[in-house]
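One file, coords05.tsv, carrying TSV, C-alpha atoms:
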chain	number	residue	atom	x	y	z
A	1	MET	CA	31.09	29.27	16.88
A	2	LYS	CA	28.50	28.97	14.09
A	3	LYS	CA	29.14	25.23	13.79
A	4	LEU	CA	28.80	24.87	17.56
A	5	ILE	CA	25.45	26.68	17.57
A	6	LEU	CA	24.17	24.50	14.72
A	7	SER	CA	25.34	21.39	16.55
A	8	ILE	CA	23.59	22.45	19.76
A	9	PHE	CA	20.44	23.25	17.79
A	10	SER	CA	20.49	19.81	16.17
A	11	VAL	CA	20.83	18.14	19.56
A	12	PHE	CA	17.92	20.26	20.83
A	13	LEU	CA	15.73	19.12	17.95
A	14	VAL	CA	16.56	15.48	18.57
A	15	LEU	CA	15.84	15.83	22.30
A	16	GLN	CA	12.58	17.61	21.52
A	17	THR	CA	11.31	14.53	19.69
A	18	PHE	CA	12.58	12.08	22.30
A	19	GLY	CA	9.70	10.24	23.92
A	20	GLN	CA	7.21	10.97	21.16
A	21	LYS	CA	5.45	8.04	19.52
A	22	ASN	CA	6.97	6.80	16.28
A	23	TYR	CA	3.72	7.48	14.42
A	24	VAL	CA	3.78	11.11	15.55
A	25	GLN	CA	7.44	11.54	14.66
A	26	MET	CA	7.07	9.93	11.23
A	27	ALA	CA	3.89	11.83	10.38
A	28	ASP	CA	5.49	15.11	11.45
A	29	SER	CA	8.62	14.28	9.48
A	30	ASP	CA	6.77	13.50	6.28
A	31	MET	CA	4.57	16.58	6.61
A	32	LYS	CA	7.73	18.63	7.03
A	33	ARG	CA	9.20	17.07	3.89
A	34	ASN	CA	5.90	17.67	2.08
A	35	PRO	CA	4.31	20.87	3.43
A	36	GLU	CA	1.34	20.37	1.09
A	37	ALA	CA	-0.08	16.86	0.77
A	38	TRP	CA	-0.14	17.01	-3.03
A	39	MET	CA	3.69	17.05	-2.81
A	40	LEU	CA	3.69	13.48	-1.50
A	41	ASP	CA	5.40	10.88	-3.68
A	42	PHE	CA	7.91	13.52	-4.76
A	43	SER	CA	5.20	15.19	-6.89
A	44	LYS	CA	5.84	18.54	-8.55
A	45	THR	CA	2.21	19.17	-9.56
A	46	LEU	CA	-1.26	18.25	-8.32
A	47	LYS	CA	-1.90	14.54	-8.46
A	48	TRP	CA	-4.64	12.13	-7.35
A	49	ASN	CA	-2.88	8.82	-6.93
A	50	TYR	CA	-2.52	5.86	-4.62
A	51	CYS	CA	0.62	7.00	-2.79
A	52	HIS	CA	-1.09	10.19	-1.68
A	53	GLY	CA	-4.02	8.21	-0.35
A	54	LEU	CA	-1.80	5.69	1.39
A	55	VAL	CA	0.11	8.28	3.41
A	56	MET	CA	-2.91	10.46	4.11
A	57	GLN	CA	-4.88	7.46	5.34
A	58	SER	CA	-2.10	6.85	7.85
A	59	ILE	CA	-2.07	10.52	8.86
A	60	LEU	CA	-5.82	10.40	9.48
A	61	GLN	CA	-5.15	7.48	11.80
A	62	VAL	CA	-2.64	9.64	13.67
A	63	TYR	CA	-5.39	12.26	13.97
A	64	ASP	CA	-7.77	9.64	15.36
A	65	LYS	CA	-5.11	8.56	17.85
A	66	THR	CA	-3.96	12.00	19.00
A	67	GLY	CA	-6.90	14.33	18.33
A	68	ASN	CA	-4.42	16.91	17.03
A	69	PRO	CA	-6.26	18.88	14.32
A	70	LYS	CA	-3.11	19.57	12.31
A	71	TYR	CA	-3.23	16.02	10.95
A	72	TYR	CA	-6.85	16.27	9.88
A	73	ASP	CA	-6.27	19.73	8.40
A	74	TYR	CA	-3.35	18.44	6.33
A	75	VAL	CA	-5.58	15.84	4.68
A	76	TYR	CA	-8.65	18.07	4.45
A	77	ASP	CA	-6.66	20.76	2.64
A	78	TYR	CA	-5.69	18.19	0.01
A	79	ALA	CA	-9.29	17.06	-0.45
A	80	ASP	CA	-10.43	20.68	-0.58
A	81	THR	CA	-7.87	21.43	-3.29
A	82	MET	CA	-8.51	18.32	-5.37
A	83	VAL	CA	-12.30	17.96	-5.22
A	84	ASN	CA	-14.15	20.58	-7.24
A	85	ALA	CA	-17.49	22.10	-6.25
A	86	ASP	CA	-19.32	19.74	-8.60
A	87	GLY	CA	-17.62	16.66	-7.13
A	88	THR	CA	-15.22	16.05	-9.98
A	89	ILE	CA	-11.60	15.43	-9.00
A	90	LYS	CA	-8.65	17.29	-10.46
A	91	THR	CA	-6.36	15.08	-12.61
A	92	TYR	CA	-8.69	12.07	-12.19
A	93	LYS	CA	-10.05	10.58	-15.43
A	94	PRO	CA	-12.32	7.60	-14.72
A	95	LEU	CA	-12.33	6.31	-18.28
A	96	GLU	CA	-8.56	5.79	-18.15
A	97	TYR	CA	-9.52	2.81	-15.99
A	98	ASN	CA	-6.42	3.09	-13.83
A	99	ILE	CA	-7.05	1.11	-10.67
A	100	ASP	CA	-4.31	3.01	-8.82
A	101	ARG	CA	-6.46	6.15	-8.79
A	102	VAL	CA	-9.17	4.56	-6.65
A	103	ASN	CA	-7.16	4.09	-3.47
A	104	THR	CA	-7.08	7.80	-2.61
A	105	GLY	CA	-10.88	7.83	-2.41
A	106	LYS	CA	-10.61	6.22	1.02
A	107	ILE	CA	-9.57	9.50	2.64
A	108	LEU	CA	-12.92	11.02	1.67
A	109	PHE	CA	-15.03	8.71	3.87
A	110	PRO	CA	-14.00	10.21	7.25
A	111	ILE	CA	-13.93	13.75	5.86
A	112	LEU	CA	-17.45	13.33	4.47
A	113	ALA	CA	-18.62	11.97	7.82
A	114	LYS	CA	-17.20	15.04	9.55
A	115	THR	CA	-18.17	17.78	7.08
A	116	LYS	CA	-21.24	16.39	5.25
A	117	GLU	CA	-20.06	18.16	2.08
A	118	ASP	CA	-22.10	16.96	-0.90
A	119	ARG	CA	-19.17	17.31	-3.29
A	120	LEU	CA	-17.26	14.65	-1.35
A	121	LYS	CA	-20.13	12.17	-1.67
A	122	ILE	CA	-20.24	12.85	-5.40
A	123	ALA	CA	-16.47	12.35	-5.65
A	124	LEU	CA	-16.77	9.00	-3.86
A	125	ASP	CA	-19.54	8.00	-6.25
A	126	HIS	CA	-17.32	8.88	-9.23
A	127	GLN	CA	-14.69	6.44	-7.99
A	128	ARG	CA	-17.31	3.77	-7.41
A	129	GLU	CA	-18.67	4.30	-10.91
A	130	GLN	CA	-15.26	3.67	-12.46
A	131	MET	CA	-15.25	0.18	-10.99
A	132	ARG	CA	-18.73	-0.62	-12.32
A	133	THR	CA	-17.38	-0.54	-15.87
A	134	HIS	CA	-13.70	-1.25	-15.18
A	135	PRO	CA	-12.51	-3.97	-17.60
A	136	ARG	CA	-12.15	-7.48	-16.20
A	137	THR	CA	-10.84	-10.96	-16.89
A	138	LYS	CA	-13.30	-13.69	-17.80
A	139	ASP	CA	-13.55	-14.73	-14.14
A	140	GLY	CA	-14.23	-11.17	-13.02
A	141	SER	CA	-10.88	-9.89	-11.76
A	142	PHE	CA	-10.17	-6.24	-12.50
A	143	TRP	CA	-7.51	-5.45	-15.08
A	144	HIS	CA	-4.72	-3.46	-13.50
A	145	LYS	CA	-5.19	-0.66	-16.01
A	146	LYS	CA	-6.78	-0.20	-19.40
A	147	ILE	CA	-3.28	0.21	-20.85
A	148	TYR	CA	-2.40	-3.23	-19.40
A	149	PRO	CA	-5.16	-5.35	-20.96
A	150	HIS	CA	-6.04	-8.78	-19.54
A	151	GLN	CA	-3.52	-8.33	-16.71
A	152	VAL	CA	-4.02	-8.79	-12.98
A	153	TRP	CA	-1.27	-7.44	-10.73
A	154	LEU	CA	-1.18	-8.09	-6.99
A	155	ASP	CA	-0.75	-4.34	-6.42
A	156	GLY	CA	-4.26	-3.68	-7.71
A	157	LEU	CA	-5.94	-5.68	-4.96
A	158	TYR	CA	-5.09	-2.97	-2.44
A	159	MET	CA	-5.97	-0.12	-4.77
A	160	ALA	CA	-9.66	-0.98	-5.17
A	161	GLY	CA	-10.57	-3.70	-2.65
A	162	PRO	CA	-10.63	-1.85	0.69
A	163	PHE	CA	-12.22	1.22	-0.93
A	164	LEU	CA	-15.02	-0.84	-2.47
A	165	ALA	CA	-15.57	-2.79	0.74
A	166	GLN	CA	-15.95	0.42	2.73
A	167	TYR	CA	-18.17	1.92	0.04
A	168	ALA	CA	-20.38	-1.17	0.20
A	169	LYS	CA	-20.72	-0.85	3.96
A	170	GLU	CA	-21.32	2.91	3.97
A	171	ASN	CA	-23.91	2.72	1.19
A	172	GLY	CA	-25.61	-0.59	1.91
A	173	GLU	CA	-24.52	-2.06	-1.42
A	174	GLN	CA	-24.57	-5.70	-0.36
A	175	ALA	CA	-23.82	-7.21	-3.77
A	176	LEU	CA	-20.57	-5.28	-3.91
A	177	PHE	CA	-19.17	-7.39	-1.07
A	178	ASP	CA	-19.34	-10.41	-3.37
A	179	ASP	CA	-17.31	-8.57	-5.98
A	180	VAL	CA	-14.66	-7.53	-3.46
A	181	ALA	CA	-14.36	-11.09	-2.16
A	182	LEU	CA	-14.12	-12.46	-5.70
A	183	GLN	CA	-11.04	-10.32	-6.35
A	184	VAL	CA	-9.19	-11.78	-3.36
A	185	VAL	CA	-10.16	-15.38	-4.01
A	186	ASP	CA	-9.52	-15.24	-7.77
A	187	VAL	CA	-5.92	-14.14	-7.15
A	188	ARG	CA	-5.42	-17.29	-5.08
A	189	LYS	CA	-6.70	-19.30	-8.05
A	190	HIS	CA	-4.44	-17.75	-10.69
A	191	LEU	CA	-1.29	-16.26	-9.07
A	192	TYR	CA	-0.48	-18.68	-6.24
A	193	ASP	CA	2.65	-20.82	-6.42
A	194	PRO	CA	2.21	-24.11	-4.53
A	195	GLN	CA	5.96	-24.79	-4.36
A	196	THR	CA	6.83	-21.67	-2.33
A	197	GLY	CA	3.43	-20.61	-1.02
A	198	LEU	CA	4.09	-17.17	-2.53
A	199	TYR	CA	2.26	-15.21	-5.22
A	200	PHE	CA	3.66	-14.08	-8.55
A	201	HIS	CA	3.56	-10.36	-9.24
A	202	GLY	CA	1.31	-10.52	-12.28
A	203	TRP	CA	-0.83	-12.73	-14.51
A	204	ASP	CA	-1.68	-12.14	-18.15
A	205	GLU	CA	-4.87	-13.98	-19.04
A	206	SER	CA	-4.14	-13.51	-22.75
A	207	ARG	CA	-0.56	-14.86	-22.49
A	208	GLN	CA	0.48	-12.12	-24.92
A	209	GLN	CA	2.99	-10.21	-22.79
A	210	ARG	CA	6.69	-10.97	-23.20
A	211	TRP	CA	6.97	-11.24	-19.42
A	212	ALA	CA	4.21	-13.87	-19.25
A	213	ASP	CA	4.86	-17.61	-19.24
A	214	PRO	CA	3.26	-18.89	-22.46
A	215	LYS	CA	1.49	-21.72	-20.61
A	216	THR	CA	0.49	-20.14	-17.29
A	217	GLY	CA	0.49	-16.42	-18.12
A	218	LEU	CA	2.43	-15.76	-14.92
A	219	SER	CA	5.30	-13.32	-14.45
A	220	PRO	CA	8.61	-15.00	-13.59
A	221	HIS	CA	9.35	-13.72	-10.07
A	222	PHE	CA	8.00	-12.91	-6.62
A	223	TRP	CA	8.22	-9.24	-5.70
A	224	SER	CA	7.88	-8.61	-1.98
A	225	ARG	CA	5.97	-5.33	-2.21
A	226	SER	CA	3.35	-6.81	-4.51
A	227	ILE	CA	2.76	-9.62	-2.01
A	228	GLY	CA	2.63	-6.98	0.72
A	229	TRP	CA	-0.05	-5.06	-1.15
A	230	TYR	CA	-2.13	-8.25	-1.34
A	231	MET	CA	-1.75	-8.98	2.37
A	232	MET	CA	-2.66	-5.42	3.35
A	233	ALA	CA	-5.67	-5.60	1.03
A	234	ILE	CA	-6.91	-8.71	2.81
A	235	VAL	CA	-6.63	-7.38	6.38
A	236	ASP	CA	-8.21	-4.06	5.38
A	237	VAL	CA	-11.05	-5.65	3.37
A	238	LEU	CA	-11.91	-7.79	6.37
A	239	ASP	CA	-12.65	-4.59	8.34
A	240	PHE	CA	-15.79	-4.19	6.25
A	241	LEU	CA	-16.71	-7.64	4.88
A	242	PRO	CA	-19.72	-8.94	6.85
A	243	GLU	CA	-18.97	-11.58	9.46
A	244	ASN	CA	-21.41	-13.97	7.81
A	245	HIS	CA	-20.15	-13.48	4.25
A	246	LYS	CA	-19.71	-16.82	2.50
A	247	ASP	CA	-16.15	-16.07	1.38
A	248	ARG	CA	-14.85	-14.67	4.66
A	249	PRO	CA	-13.47	-18.01	5.92
A	250	ALA	CA	-11.66	-18.60	2.61
A	251	ILE	CA	-10.12	-15.12	2.69
A	252	ILE	CA	-8.92	-15.58	6.27
A	253	SER	CA	-7.46	-18.95	5.26
A	254	ILE	CA	-5.55	-17.27	2.41
A	255	LEU	CA	-4.09	-14.76	4.89
A	256	GLN	CA	-3.06	-17.53	7.27
A	257	GLU	CA	-1.46	-19.56	4.51
A	258	LEU	CA	0.46	-16.60	3.09
A	259	SER	CA	1.55	-15.36	6.52
A	260	ALA	CA	3.20	-18.72	7.13
A	261	SER	CA	4.79	-18.74	3.67
A	262	ILE	CA	6.52	-15.36	3.90
A	263	GLU	CA	8.05	-16.28	7.24
A	264	LYS	CA	10.22	-18.84	5.45
A	265	PHE	CA	11.92	-16.14	3.41
A	266	ARG	CA	13.09	-13.74	6.12
A	267	ASP	CA	16.74	-12.80	6.25
A	268	PRO	CA	18.06	-14.71	9.28
A	269	GLU	CA	20.33	-11.88	10.41
A	270	THR	CA	18.01	-8.86	10.17
A	271	GLY	CA	14.57	-10.49	10.09
A	272	MET	CA	13.65	-8.45	7.03
A	273	TRP	CA	12.69	-9.45	3.49
A	274	TYR	CA	14.40	-9.11	0.12
A	275	GLN	CA	13.26	-7.21	-2.96
A	276	VAL	CA	12.90	-10.51	-4.87
A	277	THR	CA	11.37	-12.51	-2.07
A	278	ASP	CA	12.79	-15.99	-2.53
A	279	LEU	CA	16.27	-15.19	-3.85
A	280	GLY	CA	17.98	-13.64	-0.84
A	281	ASP	CA	21.29	-15.30	-1.63
A	282	ARG	CA	21.45	-14.05	-5.23
A	283	GLU	CA	23.96	-11.30	-5.96
A	284	GLY	CA	22.37	-7.89	-6.36
A	285	ASN	CA	19.25	-8.65	-4.33
A	286	TYR	CA	18.77	-6.39	-1.32
A	287	LEU	CA	16.75	-6.01	1.86
A	288	GLU	CA	13.81	-3.79	0.96
A	289	SER	CA	11.78	-1.68	3.37
A	290	THR	CA	8.37	-1.23	1.70
A	291	GLY	CA	7.62	-4.93	1.33
A	292	SER	CA	9.02	-5.64	4.78
A	293	ILE	CA	6.79	-3.13	6.57
A	294	MET	CA	3.72	-4.25	4.63
A	295	PHE	CA	4.29	-7.82	5.84
A	296	ILE	CA	4.75	-6.57	9.39
A	297	TYR	CA	1.55	-4.48	9.22
A	298	ALA	CA	-0.44	-7.48	7.97
A	299	TRP	CA	0.94	-9.76	10.69
A	300	ILE	CA	0.18	-7.28	13.46
A	301	LYS	CA	-3.29	-6.35	12.28
A	302	GLY	CA	-4.16	-9.93	11.37
A	303	ALA	CA	-3.21	-11.13	14.85
A	304	GLN	CA	-4.90	-8.24	16.65
A	305	LYS	CA	-8.13	-8.89	14.75
A	306	GLY	CA	-8.03	-12.62	15.42
A	307	TYR	CA	-7.47	-13.74	11.84
A	308	LEU	CA	-3.99	-15.02	12.66
A	309	ASP	CA	-2.68	-16.93	15.64
A	310	LYS	CA	-1.63	-14.71	18.56
A	311	ALA	CA	1.97	-15.78	17.92
A	312	TYR	CA	1.96	-13.49	14.88
A	313	LEU	CA	1.51	-10.48	17.13
A	314	THR	CA	4.70	-11.39	18.95
A	315	LYS	CA	6.41	-12.04	15.61
A	316	GLY	CA	5.11	-8.76	14.24
A	317	GLU	CA	6.30	-6.77	17.26
A	318	ARG	CA	9.72	-8.38	17.02
A	319	ALA	CA	9.88	-7.72	13.28
A	320	TYR	CA	8.84	-4.10	13.91
A	321	ASP	CA	11.81	-3.66	16.25
A	322	GLN	CA	14.08	-5.22	13.64
A	323	PHE	CA	12.65	-2.87	11.01
A	324	LEU	CA	13.49	0.12	13.20
A	325	LYS	CA	17.05	-1.12	13.57
A	326	ARG	CA	17.56	-1.90	9.88
A	327	PHE	CA	15.68	0.84	8.04
A	328	VAL	CA	14.73	3.81	10.27
A	329	LYS	CA	17.21	6.60	10.92
A	330	THR	CA	17.10	9.97	12.71
A	331	GLU	CA	18.26	12.91	10.63
A	332	ALA	CA	20.28	15.84	11.94
A	333	ASP	CA	17.11	17.94	12.33
A	334	GLY	CA	15.43	15.24	14.41
A	335	SER	CA	13.14	13.98	11.67
A	336	LEU	CA	12.76	10.28	10.93
A	337	SER	CA	13.57	8.67	7.59
A	338	ILE	CA	13.10	5.20	6.13
A	339	THR	CA	15.88	3.86	3.92
A	340	ASP	CA	16.15	1.28	1.13
A	341	CYS	CA	12.78	1.76	-0.53
A	342	CYS	CA	12.24	0.42	-4.04
A	343	SER	CA	10.86	3.47	-5.83
A	344	VAL	CA	8.67	1.64	-8.34
A	345	ALA	CA	8.30	-1.67	-10.16
A	346	GLY	CA	5.87	-2.88	-12.77
A	347	LEU	CA	5.45	-5.12	-15.78
A	348	GLY	CA	5.45	-4.39	-19.52
A	349	GLY	CA	4.74	-0.91	-20.82
A	350	GLU	CA	5.49	0.79	-24.10
A	351	LYS	CA	8.76	2.49	-23.15
A	352	ASN	CA	11.63	0.74	-21.36
A	353	TYR	CA	9.75	-2.56	-21.33
A	354	ARG	CA	9.74	-4.18	-17.88
A	355	ASP	CA	10.31	-7.89	-18.43
A	356	GLY	CA	9.81	-9.08	-14.85
A	357	SER	CA	13.30	-10.56	-14.68
A	358	PHE	CA	15.41	-10.65	-11.54
A	359	GLU	CA	17.71	-8.13	-13.17
A	360	TYR	CA	14.77	-5.80	-13.74
A	361	TYR	CA	13.55	-5.83	-10.13
A	362	ILE	CA	16.96	-5.03	-8.69
A	363	SER	CA	17.59	-2.29	-11.29
A	364	GLU	CA	14.81	0.09	-10.25
A	365	PRO	CA	15.98	3.10	-8.19
A	366	ILE	CA	16.26	2.80	-4.42
A	367	ARG	CA	15.42	5.87	-2.35
A	368	ASP	CA	14.60	7.07	1.15
A	369	ASN	CA	11.13	8.03	2.39
A	370	ASP	CA	9.06	6.47	-0.34
A	371	PRO	CA	5.38	6.74	0.61
A	372	LYS	CA	4.95	2.97	0.20
A	373	ALA	CA	7.10	2.61	3.33
A	374	ILE	CA	5.97	5.74	5.21
A	375	GLY	CA	2.25	4.94	5.15
A	376	PRO	CA	2.41	1.32	6.32
A	377	PHE	CA	5.04	2.23	8.95
A	378	ILE	CA	2.76	4.87	10.47
A	379	MET	CA	-0.21	2.49	10.39
A	380	ALA	CA	1.78	-0.33	11.98
A	381	SER	CA	3.02	2.09	14.66
A	382	VAL	CA	-0.55	3.17	15.39
A	383	LEU	CA	-1.61	-0.46	15.78
A	384	LEU	CA	1.17	-1.02	18.30
A	385	ASP	CA	0.79	2.44	19.89
A	386	ARG	CA	4.52	2.89	19.37
Let me see the structure of the file written as structure tokens.
Amino acid sequence: MKKLILSIFSVFLVLQTFGQKNYVQMADSDMKRNPEAWMLDFSKTLKWNYCHGLVMQSILQVYDKTGNPKYYDYVYDYADTMVNADGTIKTYKPLEYNIDRVNTGKILFPILAKTKEDRLKIALDHQREQMRTHPRTKDGSFWHKKIYPHQVWLDGLYMAGPFLAQYAKENGEQALFDDVALQVVDVRKHLYDPQTGLYFHGWDESRQQRWADPKTGLSPHFWSRSIGWYMMAIVDVLDFLPENHKDRPAIISILQELSASIEKFRDPETGMWYQVTDLGDREGNYLESTGSIMFIYAWIKGAQKGYLDKAYLTKGERAYDQFLKRFVKTEADGSLSITDCCSVAGLGGEKNYRDGSFEYYISEPIRDNDPKAIGPFIMASVLLDR
């Protein structure tokens, strides 16, 4: 009898969610898994980091779409907890020069607009100030982190670029647009591979890292999520970059070129992309959800905004359906989950050195419901009103 009651209850929960938009279901599911937003990214303690900002940005978009205050309150409570009365941010240390920390600042723009709280403006300024003195390559690209000297990683383009572009627009800091554009264009100069049309994960200007090619400074492989970060950075930066900015045509051209390149590496059966982008037939490689949904988001948004041919909207919608089939599952309680997420990948480091090899990329843990899949999935679903 008890099993029967539980079974009926599970069916009830599933039916209750039937007909709801995917963005509502996924936001509700992740909020259920993480009752407090600081718990995102499987965190055990308070943390100000890019994954938190990524998911909460998507949840704010659900708020904008639905008007349901529970989504805004979820994000506001995090900001209220993390931002002190004097505008400093718990756990955030600007002089660590960690570019990942900047992404979460984006959630403060809409909350500041709504509440007018001075501490939030000060917190935003703190994040902007980090990037004034953040170390750079000779051409002006931001180092990924102070602890990774002379290195540019594709991941970092998303962490700072859209934040700085929005900051420039909100604060009338026109010269900052040039800096944001430089970051995007300089990556094309140094990390692009003309043979595949893809971008290498990282570049070491000093050529000192063991993972770096001694002649080019490039890492040895293409990692889908890193390319996805770059594509999302471009479509989000373009939201704020002035229409008449001198580098806007070049940035749109980069997006068009890369959008065509990644299409060549889709798995023909599922339509999704592999962890190591160009080696789908190599043993151990696997279809990976975070990179796949980032590509889909960039295609959909790029086409909707007119940066890409309209055909990419059709391709993006089709790929979205394929993503649902391959990676999204409904749990017994009716919540949605995303499978096959690479938990983390990087280059170098002091402990357990990450050499950028194929074997390294496929060795990192795979888990469900990583925020790097949840956030872009919600945002893509909002774009499609699905």
Considering only C-alpha atoms, state which residue in the set A:Ser343, A:Asn98, A:Ser335, A:Ser289 is at the smallest distance from Val24 in chain A.
->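 Looking at the shortest contact to Val24 in chain A, the residue is A:Ser335.
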Can you pull out every residue within 7 Å of range 223-233 of chain A, counting only C-alpha atoms, but drop anything in the same chain fewer than 4 positions away, and send it as number ranges by chain?
-> A: 154-155, 157-158, 161-162, 199, 201, 237, 255, 274-277, 290-291, 294-295, 298
Considering only C-alpha atoms, return as a list in words whatever protein or nucleic-acid residues lie within 12 Å of Asp321 in chain A, sequence-local ones (same chain, fewer than 2 positions apart) excluded.
-> Asn22, Thr270, Gly271, Met272, Ser292, Ile293, Ile296, Thr314, Lys315, Gly316, Glu317, Arg318, Ala319, Phe323, Leu324, Lys325, Arg326, Phe327, Val328, Phe377, Ala380, Ser381, Leu384 and Arg386 of chain A
Could you name the residues that touch Gly348 in chain A at 8 Å or less, counting all atoms listed in the file, but leaving out those on the same chain fewer than 2 positions away, as JSON, numbers by chain?
-> {"A": [148, 209, 210, 211, 346, 350, 353, 354, 355, 356]}
Here CA of Lys65 in chain A and CA of Tyr297 in chain A stand apart by 17.0 Å
Report as a Markdown table: every residue of range 268-353 of chain A with an atom at most 9 Å from range 28-49 of chain A, its closest pair of atoms, and their distance in Å to one decimal, counting all atoms listed in the file, with rows sorted by chain and ascending residue number.
| residue | atom | partner | partner_atom | distance |
| --- | --- | --- | --- | --- |
| A:Gly334 | CA | A:Ser29 | CA | 8.5 |
| A:Ser335 | CA | A:Ser29 | CA | 5.0 |
| A:Leu336 | CA | A:Ser29 | CA | 5.9 |
| A:Ser337 | CA | A:Ser29 | CA | 7.7 |
Counting only C-alpha atoms, which of A:Asp73, A:Glu205, A:Glu269, A:Glu170 gets nearest to Leu124 in chain A?
->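 The closest residue to Leu124 in chain A is A:Glu170.
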Considering all atoms listed in the file, state which residue in the set A:His134, A:Lys106, A:His150, A:Lys310 is at the smallest distance from Tyr167 in chain A.
->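 Of A:His134, A:Lys106, A:His150, A:Lys310, the one nearest Tyr167 in chain A, counting all atoms listed in the file, is A:Lys106.
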Have a look at CA of Ile99 in chain A and CA of Val187 in chain A and let me know their distance in Å, one decimal.
->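 Going from CA of Ile99 in chain A over to CA of Val187 in chain A covers 15.7 Å.
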Pick from A:Ala181, A:Ile251, A:Leu198, A:Cys51, whichever lies nearest to Lys264 in chain A using all atoms listed in the file = A:Leu198
Tell me, as a list in words, which residues lie within 12 Å of Phe358 in chain A, counting all atoms listed in the file; anything in the same chain fewer than 5 positions away does not count.
-> Trp211, Ser219, Pro220, His221, Phe222, Trp223, Tyr274, Gln275, Val276, Thr277, Asp278, Leu279, Gly280, Arg282, Glu283, Gly284, Asn285, Tyr286, Ala345, Ser363 and Glu364 of chain A
Selected residue, from A:Leu182, A:Val75, A:Arg266, A:Asn68, that lies nearest to Lys246 in chain A when counting all atoms listed in the file =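 Of A:Leu182, A:Val75, A:Arg266, A:Asn68, the one nearest Lys246 in chain A is A:Leu182, counting all atoms listed in the file.
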Counting only C-alpha atoms, figure out which residue out of A:Gln183, A:Gln127, A:Thr88, A:Gln57 gets nearest to Tyr71 in chain A.
->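 Among A:Gln183, A:Gln127, A:Thr88, A:Gln57, it is A:Gln57 that comes nearest to Tyr71 in chain A.
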Gap from CA of Tyr76 in chain A to CA of Met26 in chain A - Å, one decimal |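 According to the coordinates, CA of Tyr76 in chain A and CA of Met26 in chain A are separated by 19.0 Å.
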Fewer than 2 positions away in the same chain doesn't count, so skip those; otherwise give me all residues within 8 Å of Tyr307 in chain A, counting only C-alpha atoms, as a short mmCIF file (atom, residue, chain, number, x, y, z; two decimals) with C-alpha atoms, in the frame of the given file.
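For reference, selection_28.cif as written:
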data_model
loop_
_atom_site.label_atom_id
_atom_site.label_comp_id
_atom_site.auth_asym_id
_atom_site.auth_seq_id
_atom_site.Cartn_x
_atom_site.Cartn_y
_atom_site.Cartn_z
CA ILE A 252 -8.92 -15.58 6.27
CA LEU A 255 -4.09 -14.76 4.89
CA GLN A 256 -3.06 -17.53 7.27
CA GLY A 302 -4.16 -9.93 11.37
CA ALA A 303 -3.21 -11.13 14.85
CA GLN A 304 -4.90 -8.24 16.65
CA LYS A 305 -8.13 -8.89 14.75
CA ASP A 309 -2.68 -16.93 15.64
#
Nearby residues, (-4.0, 16.1, 11.4) file frame, 9 Å, only C-alpha atoms, as a ChimeraX atom specification = /A:59-64,66-76
Give as a PyMOL selection string every residue, naming chains and numbers as the document does, that has an atom within 10 Å of (1.5, -17.6, 5.9), counting all atoms listed in the file.
-> chain A and resi 197-198+231+253-264+299+308+312
